[in-house]
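Content type compact mmCIF, C-alpha atoms, from the file coords.txt:
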```txt
# COMPACT_ATOMS: atom_id res chain seq x y z
CA MET A 148 80.37 68.30 110.71
CA THR A 149 81.76 70.99 113.01
CA LYS A 150 83.45 73.77 111.09
CA LYS A 151 87.00 74.62 112.14
CA TYR A 152 86.69 78.37 111.54
CA ASP A 153 83.95 80.93 111.94
CA TYR A 154 85.32 82.94 109.01
CA LEU A 155 87.58 82.12 106.11
CA VAL A 156 88.86 85.46 104.81
CA VAL A 157 90.05 85.32 101.20
CA GLY A 158 92.63 88.08 100.72
CA SER A 159 94.89 89.79 103.26
CA GLY A 160 94.54 93.34 101.92
CA LEU A 161 93.08 96.07 104.10
CA PHE A 162 89.46 94.89 103.86
CA GLY A 163 90.29 91.30 104.78
CA ALA A 164 92.81 92.26 107.47
CA VAL A 165 90.43 94.70 109.17
CA PHE A 166 87.50 92.26 109.05
CA ALA A 167 89.65 89.42 110.46
CA HIS A 168 91.01 91.70 113.20
CA GLU A 169 87.53 92.76 114.30
CA ALA A 170 86.15 89.21 114.17
CA THR A 171 89.09 87.82 116.15
CA LYS A 172 88.71 90.61 118.72
CA ALA A 173 85.06 89.54 119.07
CA GLY A 174 86.16 85.99 119.89
CA LYS A 175 85.65 84.44 116.46
CA LYS A 176 88.15 82.05 114.90
CA CYS A 177 89.47 83.26 111.53
CA LEU A 178 91.75 81.94 108.83
CA VAL A 179 93.10 84.47 106.31
CA ILE A 180 94.43 83.08 103.03
CA ASP A 181 96.21 84.88 100.20
CA LYS A 182 97.53 83.66 96.87
CA ARG A 183 100.49 86.06 97.07
CA ASP A 184 103.63 85.30 99.06
CA HIS A 185 103.04 88.24 101.40
CA ALA A 186 100.18 89.74 103.39
CA GLY A 187 98.82 93.24 102.94
CA GLY A 188 97.48 93.21 99.39
CA ASN A 189 98.44 96.31 97.44
CA VAL A 190 99.65 98.29 100.46
CA PHE A 191 102.57 95.87 100.89
CA CYS A 192 105.98 97.54 101.21
CA LYS A 193 109.27 95.89 100.26
CA GLU A 194 112.45 97.03 101.97
CA MET A 195 115.25 98.00 99.57
CA GLU A 196 118.40 99.92 100.56
CA GLY A 197 116.73 100.69 103.89
CA ILE A 198 113.77 102.29 102.06
CA ASN A 199 110.14 101.14 102.32
CA VAL A 200 109.16 100.68 98.67
CA HIS A 201 105.43 100.89 97.90
CA TRP A 202 105.51 97.72 95.81
CA TYR A 203 102.15 98.22 94.09
CA GLY A 204 102.25 101.98 93.57
CA ALA A 205 102.10 105.02 95.81
CA HIS A 206 99.79 104.77 98.80
CA ILE A 207 99.17 108.00 100.74
CA PHE A 208 96.78 107.76 103.64
CA HIS A 209 94.26 110.60 103.96
CA THR A 210 90.85 110.95 105.60
CA ASN A 211 88.48 113.41 107.25
CA ASP A 212 87.14 110.66 109.51
CA LYS A 213 88.73 110.92 112.97
CA HIS A 214 87.44 107.45 113.92
CA ILE A 215 89.31 105.87 110.99
CA TRP A 216 92.41 108.01 111.64
CA ASP A 217 92.47 106.89 115.28
CA TYR A 218 91.91 103.30 114.17
CA VAL A 219 95.00 103.12 111.95
CA ASN A 220 97.09 105.00 114.51
CA GLN A 221 96.64 102.06 116.90
CA PHE A 222 99.03 100.09 114.74
CA ALA A 223 101.60 102.62 113.56
CA GLU A 224 102.72 106.19 114.11
CA PHE A 225 102.07 108.40 111.08
CA ASN A 226 104.45 111.07 109.82
CA ARG A 227 103.48 114.50 108.46
CA TYR A 228 103.92 113.67 104.76
CA THR A 229 101.81 115.93 102.51
CA ASN A 230 101.04 114.80 98.97
CA SER A 231 102.29 117.56 96.63
CA PRO A 232 102.89 116.00 93.20
CA VAL A 233 104.71 117.80 90.41
CA ALA A 234 103.75 117.56 86.73
CA ASN A 235 106.42 117.37 84.05
CA TYR A 236 105.17 118.45 80.60
CA LYS A 237 107.96 118.33 78.02
CA GLY A 238 110.45 119.40 80.67
CA GLU A 239 108.26 122.19 82.06
CA LEU A 240 107.36 121.67 85.75
CA TYR A 241 103.96 122.54 87.24
CA ASN A 242 102.51 122.17 90.72
CA LEU A 243 99.47 119.96 91.30
CA PRO A 244 96.61 120.20 92.05
CA PHE A 245 95.80 123.22 89.87
CA ASN A 246 96.46 126.22 92.10
CA MET A 247 97.95 129.71 92.03
CA ASN A 248 101.47 128.28 91.62
CA THR A 249 100.27 126.39 88.52
CA PHE A 250 98.54 129.45 87.08
CA TYR A 251 101.56 131.68 87.65
CA ARG A 252 103.75 129.15 85.84
CA LEU A 253 101.26 128.95 82.94
CA TRP A 254 100.28 132.60 82.49
CA GLY A 255 102.21 134.76 84.98
CA THR A 256 98.99 135.60 86.84
CA LYS A 257 99.67 136.77 90.40
CA THR A 258 96.23 137.22 91.97
CA PRO A 259 93.17 134.94 92.16
CA GLU A 260 91.18 137.53 90.19
CA GLU A 261 93.71 137.46 87.33
CA ALA A 262 93.74 133.64 87.28
CA LYS A 263 89.93 133.37 87.31
CA LYS A 264 89.66 135.90 84.50
CA LYS A 265 92.19 133.95 82.42
CA ILE A 266 90.32 130.65 82.87
CA GLU A 267 86.97 132.33 82.09
CA GLU A 268 88.43 133.83 78.89
CA GLN A 269 89.68 130.41 77.80
CA ILE A 270 86.34 128.69 78.47
CA LYS A 271 84.20 131.45 76.95
CA GLY A 272 85.25 130.91 73.34
CA LEU A 273 84.65 127.16 73.39
CA ASN A 274 80.81 127.27 73.39
CA ILE A 275 80.51 123.83 75.01
CA THR A 276 77.10 123.47 76.68
CA GLU A 277 76.58 119.70 77.02
CA PRO A 278 79.97 117.89 77.03
CA LYS A 279 79.81 114.71 74.94
CA ASN A 280 83.10 113.22 76.13
CA LEU A 281 85.94 113.65 78.61
CA GLU A 282 87.79 116.14 76.41
CA GLU A 283 84.82 118.48 76.17
CA GLN A 284 84.09 118.10 79.89
CA ALA A 285 87.65 119.04 80.86
CA LEU A 286 87.79 121.94 78.41
CA LYS A 287 84.51 123.29 79.80
CA LEU A 288 85.92 123.15 83.34
CA VAL A 289 89.46 124.57 82.90
CA GLY A 290 90.03 125.63 79.28
CA PRO A 291 92.58 124.52 76.66
CA ASP A 292 95.92 125.49 78.31
CA ILE A 293 95.48 123.38 81.45
CA TYR A 294 93.76 120.62 79.47
CA GLU A 295 96.51 120.29 76.86
CA LYS A 296 99.47 120.41 79.23
CA LEU A 297 98.17 118.67 82.36
CA ILE A 298 95.14 116.50 81.52
CA LYS A 299 94.85 115.26 77.92
CA HIS A 300 97.93 113.09 77.36
CA TYR A 301 98.16 111.83 80.95
CA THR A 302 94.52 110.70 80.84
CA GLU A 303 94.93 109.05 77.43
CA LYS A 304 97.97 107.12 78.68
CA GLN A 305 96.12 106.11 81.82
CA TRP A 306 93.03 104.79 80.02
CA GLY A 307 94.61 103.66 76.75
CA ARG A 308 92.02 105.58 74.70
CA LYS A 309 91.61 109.03 73.19
CA ALA A 310 90.00 111.57 75.51
CA THR A 311 87.27 112.06 72.88
CA GLU A 312 86.38 108.37 73.29
CA LEU A 313 86.11 108.50 77.08
CA PRO A 314 82.82 109.34 78.82
CA ALA A 315 82.45 112.85 80.27
CA PHE A 316 81.49 111.54 83.74
CA ILE A 317 85.07 110.36 84.43
CA ILE A 318 85.88 114.01 85.13
CA LYS A 319 82.82 115.33 86.94
CA ARG A 320 84.89 118.10 88.47
CA LEU A 321 88.53 119.17 88.60
CA PRO A 322 90.06 120.61 91.76
CA VAL A 323 90.94 124.24 91.01
CA ARG A 324 92.30 126.28 93.91
CA PHE A 325 92.88 129.98 93.92
CA THR A 326 95.44 129.77 96.73
CA TYR A 327 99.17 129.04 96.72
CA ASP A 328 98.62 125.57 98.20
CA ASN A 329 100.22 122.44 96.73
CA ASN A 330 98.54 120.00 99.14
CA TYR A 331 96.74 117.55 96.84
CA PHE A 332 94.16 116.44 99.41
CA ASN A 333 91.63 118.52 101.32
CA ASP A 334 91.43 115.98 104.14
CA LYS A 335 92.17 116.93 107.74
CA TYR A 336 94.38 113.88 108.39
CA GLN A 337 97.19 112.77 106.08
CA GLY A 338 100.48 110.91 106.34
CA ILE A 339 102.51 107.77 105.82
CA PRO A 340 103.01 105.15 108.57
CA VAL A 341 106.53 105.38 109.94
CA GLY A 342 108.19 102.12 108.95
CA GLY A 343 105.74 101.46 106.10
CA TYR A 344 102.26 99.97 105.71
CA ASN A 345 103.42 96.48 106.71
CA LYS A 346 103.31 97.67 110.34
CA ILE A 347 99.56 98.27 110.08
CA VAL A 348 98.88 94.92 108.39
CA GLU A 349 101.07 93.07 110.92
CA GLY A 350 99.16 94.77 113.75
CA LEU A 351 95.80 93.86 112.26
CA LEU A 352 96.78 90.22 111.72
CA LYS A 353 98.87 89.73 114.88
CA ASP A 354 96.42 87.27 116.46
CA VAL A 355 95.02 85.83 113.22
CA GLU A 356 96.06 82.62 111.47
CA VAL A 357 97.40 83.47 107.99
CA GLN A 358 98.20 81.10 105.12
CA LEU A 359 100.09 82.55 102.12
CA ASN A 360 100.73 81.14 98.62
CA THR A 361 97.22 79.73 98.81
CA ASP A 362 94.60 80.03 96.06
CA PHE A 363 90.96 79.86 97.10
CA ILE A 364 89.47 79.24 93.64
CA SER A 365 91.49 76.07 92.93
CA ARG A 366 90.73 74.60 96.40
CA ARG A 367 87.28 76.03 96.86
CA GLU A 368 85.40 72.99 98.13
CA GLU A 369 88.10 72.25 100.69
CA PHE A 370 88.02 75.79 102.10
CA GLU A 371 84.23 76.07 102.05
CA SER A 372 84.05 72.88 104.12
CA ILE A 373 86.14 74.24 107.01
CA ALA A 374 84.45 77.62 107.64
CA VAL A 375 80.96 78.73 108.59
CA LYS A 376 81.23 81.85 106.41
CA ILE A 377 83.47 83.14 103.64
CA VAL A 378 84.67 86.75 103.46
CA PHE A 379 85.64 87.18 99.82
CA THR A 380 87.79 90.12 98.67
CA GLY A 381 88.81 88.77 95.25
CA LYS A 382 87.21 89.41 91.86
CA ILE A 383 83.45 88.91 92.06
CA ASP A 384 83.27 87.65 88.46
CA GLU A 385 85.93 85.02 89.20
CA TYR A 386 84.03 83.87 92.30
CA TYR A 387 81.07 83.08 90.02
CA GLY A 388 83.22 81.42 87.36
CA PHE A 389 82.83 84.36 84.93
CA ARG A 390 79.38 83.02 84.04
CA PHE A 391 78.16 86.44 82.82
CA GLY A 392 81.51 87.44 81.32
CA GLU A 393 84.64 89.13 82.65
CA LEU A 394 84.66 92.62 84.14
CA GLU A 395 87.29 94.88 82.61
CA TYR A 396 90.16 96.52 84.48
CA ARG A 397 93.01 98.84 83.72
CA SER A 398 96.26 97.51 85.11
CA LEU A 399 99.76 98.80 85.84
CA ARG A 400 103.28 97.60 85.21
CA PHE A 401 105.99 98.75 87.60
CA GLU A 402 109.68 99.15 86.82
CA THR A 403 111.57 99.57 90.10
CA GLU A 404 115.29 100.27 90.27
CA ILE A 405 117.94 101.29 92.78
CA VAL A 406 119.72 104.49 91.75
CA ASP A 407 123.17 105.26 93.10
CA THR A 408 122.34 108.82 94.10
CA GLU A 409 120.96 110.34 97.29
CA ASN A 410 118.12 112.25 95.64
CA TYR A 411 116.80 111.45 92.15
CA GLN A 412 113.92 113.88 91.54
CA GLY A 413 113.41 115.86 94.75
CA ASN A 414 109.78 114.78 95.19
CA ALA A 415 107.91 111.57 95.98
CA VAL A 416 105.66 111.77 92.91
CA VAL A 417 106.32 113.35 89.50
CA ASN A 418 103.61 112.93 86.84
CA TYR A 419 104.60 112.90 83.17
CA THR A 420 101.72 114.62 81.39
CA ASP A 421 102.89 114.47 77.76
CA SER A 422 102.25 111.46 75.51
CA GLU A 423 105.94 110.54 75.83
CA PRO A 424 107.39 108.85 77.85
CA ALA A 425 105.04 105.86 78.06
CA TYR A 426 104.99 105.87 81.86
CA THR A 427 102.56 108.13 83.72
CA ARG A 428 104.71 108.88 86.74
CA ILE A 429 107.91 108.23 88.65
CA ILE A 430 107.75 107.55 92.37
CA GLU A 431 110.80 108.13 94.57
CA HIS A 432 109.92 106.17 97.68
CA LYS A 433 112.36 107.60 100.22
CA HIS A 434 110.57 110.98 100.15
CA PHE A 435 107.43 109.40 101.66
CA GLU A 436 109.37 109.03 104.91
CA PHE A 437 111.88 111.87 104.47
CA GLY A 438 114.70 109.36 104.02
CA THR A 439 118.39 110.28 104.06
CA GLN A 440 119.77 106.95 102.78
CA PRO A 441 122.86 107.19 100.50
CA LYS A 442 120.99 105.53 97.60
CA THR A 443 117.43 105.90 96.35
CA VAL A 444 114.73 103.66 94.81
CA ILE A 445 112.46 104.82 92.00
CA THR A 446 109.46 103.20 90.31
CA LYS A 447 108.10 104.01 86.86
CA GLU A 448 104.38 103.27 86.38
CA TYR A 449 103.17 102.06 83.00
CA PRO A 450 99.40 101.70 82.45
CA LEU A 451 98.18 98.47 80.84
CA THR A 452 94.93 97.01 79.64
CA GLY A 453 93.77 94.28 82.01
CA GLU A 454 94.82 91.31 79.90
CA LYS A 455 94.90 87.83 81.46
CA GLY A 456 97.51 87.58 84.20
CA ALA A 457 97.71 91.36 84.68
CA GLU A 458 96.95 92.60 88.19
CA PRO A 459 93.52 94.34 88.23
CA TYR A 460 93.70 97.92 89.54
CA TYR A 461 91.08 100.28 88.10
CA PRO A 462 87.52 99.22 87.21
CA VAL A 463 86.45 100.34 83.74
CA ASN A 464 83.15 102.06 84.45
CA ASN A 465 81.06 101.84 81.30
CA ASP A 466 77.57 100.60 80.44
CA ASN A 467 78.72 97.11 79.44
CA ASN A 468 80.62 96.47 82.68
CA GLY A 469 77.79 98.01 84.68
CA ALA A 470 75.31 95.55 83.19
CA ILE A 471 77.61 92.58 83.87
CA LEU A 472 78.28 93.75 87.43
CA LYS A 473 74.55 94.05 88.17
CA LYS A 474 74.09 90.36 87.36
CA TYR A 475 76.88 89.35 89.73
CA GLN A 476 75.57 91.68 92.43
CA ASP A 477 72.15 90.05 92.19
CA LEU A 478 73.76 86.67 92.86
CA ALA A 479 75.87 88.09 95.71
CA SER A 480 72.87 89.68 97.43
CA ALA A 481 71.23 86.25 97.67
CA GLU A 482 74.24 84.67 99.41
CA LYS A 483 73.75 83.74 103.06
CA LYS A 484 77.25 82.48 103.81
CA VAL A 485 79.44 84.82 101.78
CA ILE A 486 80.39 88.44 102.54
CA PHE A 487 81.84 90.38 99.59
CA GLY A 488 84.07 93.35 100.29
CA GLY A 489 86.86 95.49 98.86
CA ARG A 490 87.62 96.97 95.46
CA LEU A 491 87.63 93.69 93.48
CA ALA A 492 84.61 92.09 95.13
CA GLU A 493 82.61 95.33 94.80
CA TYR A 494 84.17 96.41 91.48
CA ARG A 495 84.77 99.97 92.60
CA TYR A 496 87.77 102.17 93.19
CA TYR A 497 88.36 102.63 96.93
CA ASP A 498 90.85 104.83 98.73
CA MET A 499 92.43 103.17 101.78
CA HIS A 500 90.29 104.98 104.34
CA GLN A 501 87.16 103.98 102.41
CA VAL A 502 88.19 100.30 102.38
CA ILE A 503 88.80 100.40 106.14
CA GLY A 504 85.50 102.18 106.75
CA SER A 505 83.61 99.64 104.63
CA ALA A 506 85.27 96.70 106.44
CA LEU A 507 84.45 98.16 109.86
CA VAL A 508 80.80 98.70 108.89
CA LYS A 509 80.41 95.17 107.47
CA ALA A 510 82.21 93.59 110.42
CA LYS A 511 80.02 95.46 112.91
CA ARG A 512 76.86 94.48 111.05
CA GLU A 513 77.97 90.84 110.87
CA LEU A 514 79.27 90.51 114.43
CA SER A 515 76.35 92.24 116.10
```
Can the structure in the file be given as structure tokens, please?
Amino acid sequence: MTKKYDYLVVGSGLFGAVFAHEATKAGKKCLVIDKRDHAGGNVFCKEMEGINVHWYGAHIFHTNDKHIWDYVNQFAEFNRYTNSPVANYKGELYNLPFNMNTFYRLWGTKTPEEAKKKIEEQIKGLNITEPKNLEEQALKLVGPDIYEKLIKHYTEKQWGRKATELPAFIIKRLPVRFTYDNNYFNDKYQGIPVGGYNKIVEGLLKDVEVQLNTDFISRREEFESIAVKIVFTGKIDEYYGFRFGELEYRSLRFETEIVDTENYQGNAVVNYTDSEPAYTRIIEHKHFEFGTQPKTVITKEYPLTGEKGAEPYYPVNNDNNGAILKKYQDLASAEKKVIFGGRLAEYRYYDMHQVIGSALVKAKRELS
């Protein structure tokens, strides 16, 4: 039987959209399906009060790769937004990442030499040689003041466990800058697409057939029968019917509201680094695009364990999940007609530029 499509792409997030775009450009016939009622995966933006709301959490594009930067700029113009989050610890405000502004606020130090000396003094008395957990690792890197106010409680909220119960490798290093620079990223290119991320997804899928509100797993045989190959961007354990067990994720719950004020917090991202409140941060979306709308839209982010029905966001990298993943990867490597890609199919945390880079590499390899 002649197959109707060269590729059935499961998932319309960045990996699936980029792969489908490249395949279509190469003359292949693609169908993209998605179980959600919109395309774009987690970069989807919803318009509220004239503001592009990052519906699944803040997405800030950044990369050092000029090829990837030029690639996304085909589809949208990017503004000059610079990610400069602020930390709120019990009402005290600190600049992130840790830099001279942070150190001045903490200790009144004015020169890099003073700040370095202060951190060295704090670390010296701890006598930690081989960190046994995340708490010890962080203390060894930056000392107790920064750890207590800006790392400990935020991390425990994020992972739902005590820092002493988390592995040290989660924090291999912490960005410490001895300059007065609040730019969170070191990358050469950074910004937000003017008009939101939907413009990029629409550009990628402009010539591609897309079917929404469509679940691959429940109609698997039907979809496998109409395409030569499957590009799967969903959960790899679900693809294999969870036969080796379920991979764990941390999830998020979002509370989004319209606020009848022009400017709620003065910054796009404010992290709450104490144990209370329960949310980890508040996003004020208009600041991503320097909006001047009369009202504003804010989102509070609450971390969750990845219980059934919760959207999977962050892989839980521990020995148990690593062992389960290896079994699924062994099955995936033997597949001849399935291409796995993206954060769920590969069970790894990807930034946007990394997802796009991975999709371009896999598409090139496949199409050549």
Long-range neighbours of Ala167 in chain A as a list in words, 10 Å cut-off, only C-alpha atoms, 3 positions minimum in chain: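 Once the nearby chain positions are removed, what remains is Tyr154, Leu155, Val156, Ser159, Leu161, Phe162, Gly163, Ala164, Ala170, Thr171, Lys172, Ala173, Lys175, Lys176, Cys177, Leu178, Val179, Leu351, Leu352, Asp354, Val355, Glu356, Val378, Ala506 and Ala510 of chain A.
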Same residues, C-alpha atoms, saved as a JSON list (two decimals), in the coordinates of the input:
```json
[["chain", "number", "residue", "atom", "x", "y", "z"],
["A", 154, "TYR", "CA", 85.32, 82.94, 109.01],
["A", 155, "LEU", "CA", 87.58, 82.12, 106.11],
["A", 156, "VAL", "CA", 88.86, 85.46, 104.81],
["A", 159, "SER", "CA", 94.89, 89.79, 103.26],
["A", 161, "LEU", "CA", 93.08, 96.07, 104.10],
["A", 162, "PHE", "CA", 89.46, 94.89, 103.86],
["A", 163, "GLY", "CA", 90.29, 91.30, 104.78],
["A", 164, "ALA", "CA", 92.81, 92.26, 107.47],
["A", 170, "ALA", "CA", 86.15, 89.21, 114.17],
["A", 171, "THR", "CA", 89.09, 87.82, 116.15],
["A", 172, "LYS", "CA", 88.71, 90.61, 118.72],
["A", 173, "ALA", "CA", 85.06, 89.54, 119.07],
["A", 175, "LYS", "CA", 85.65, 84.44, 116.46],
["A", 176, "LYS", "CA", 88.15, 82.05, 114.90],
["A", 177, "CYS", "CA", 89.47, 83.26, 111.53],
["A", 178, "LEU", "CA", 91.75, 81.94, 108.83],
["A", 179, "VAL", "CA", 93.10, 84.47, 106.31],
["A", 351, "LEU", "CA", 95.80, 93.86, 112.26],
["A", 352, "LEU", "CA", 96.78, 90.22, 111.72],
["A", 354, "ASP", "CA", 96.42, 87.27, 116.46],
["A", 355, "VAL", "CA", 95.02, 85.83, 113.22],
["A", 356, "GLU", "CA", 96.06, 82.62, 111.47],
["A", 378, "VAL", "CA", 84.67, 86.75, 103.46],
["A", 506, "ALA", "CA", 85.27, 96.70, 106.44],
["A", 510, "ALA", "CA", 82.21, 93.59, 110.42]]
```
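Nearest-residue note for Ile373 in chain A: choosing from A:Leu507, A:Lys299, A:Thr326, A:Lys150, the minimum distance belongs to A:Lys150, counting all atoms listed in the file.
Take the candidates A:Ala234, A:Leu288, A:Ala492, A:Ala415 and check each one against Thr380 in chain A using only C-alpha atoms; the shortest distance goes to A:Ala492.
For Gly343 in chain A, the residues within 9 Å (counting only C-alpha atoms, excluding itself and residues fewer than 6 positions away along the chain) are Val190, Phe191, Cys192, Lys193, Asn199, Val200, His201, Ala223 and Glu436 of chain A.
Across A:Thr361, A:Asn345, A:Asn410, A:Ser422, the tightest approach to Asn189 in chain A is made by A:Asn345 when counting all atoms listed in the file.
The nearest approach to Leu514 in chain A among the residues A:Lys376, A:Arg400, A:Arg324, A:Lys442, with only C-alpha atoms taken into account, belongs to A:Lys376.
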CA of Asp328 in chain A to CA of Met247 in chain A, distance in Å rounded to a single decimal: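 According to the coordinates, CA of Asp328 in chain A and CA of Met247 in chain A are separated by 7.5 Å.
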One-decimal distance in Å that lies between CA of Gln269 in chain A and CA of Leu286 in chain A: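 Computing the Euclidean distance for CA of Leu286 in chain A and CA of Gln269 in chain A yields 8.7 Å.
If you measure from each of A:Phe222, A:Tyr228, A:Tyr494, A:Trp202 to Asn330 in chain A using all atoms listed in the file, the closest one turns out to be A:Tyr228.
Rounded to one decimal, CA of Ile486 in chain A and CA of Lys151 in chain A lie 18.1 Å from each other.
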Surrounding residues of Arg183 in chain A excluding itself and chain neighbours under 5 positions, 12 Å, all atoms listed in the file, as a ChimeraX atom specification: /A:157-160,188-189,191,357-363,458
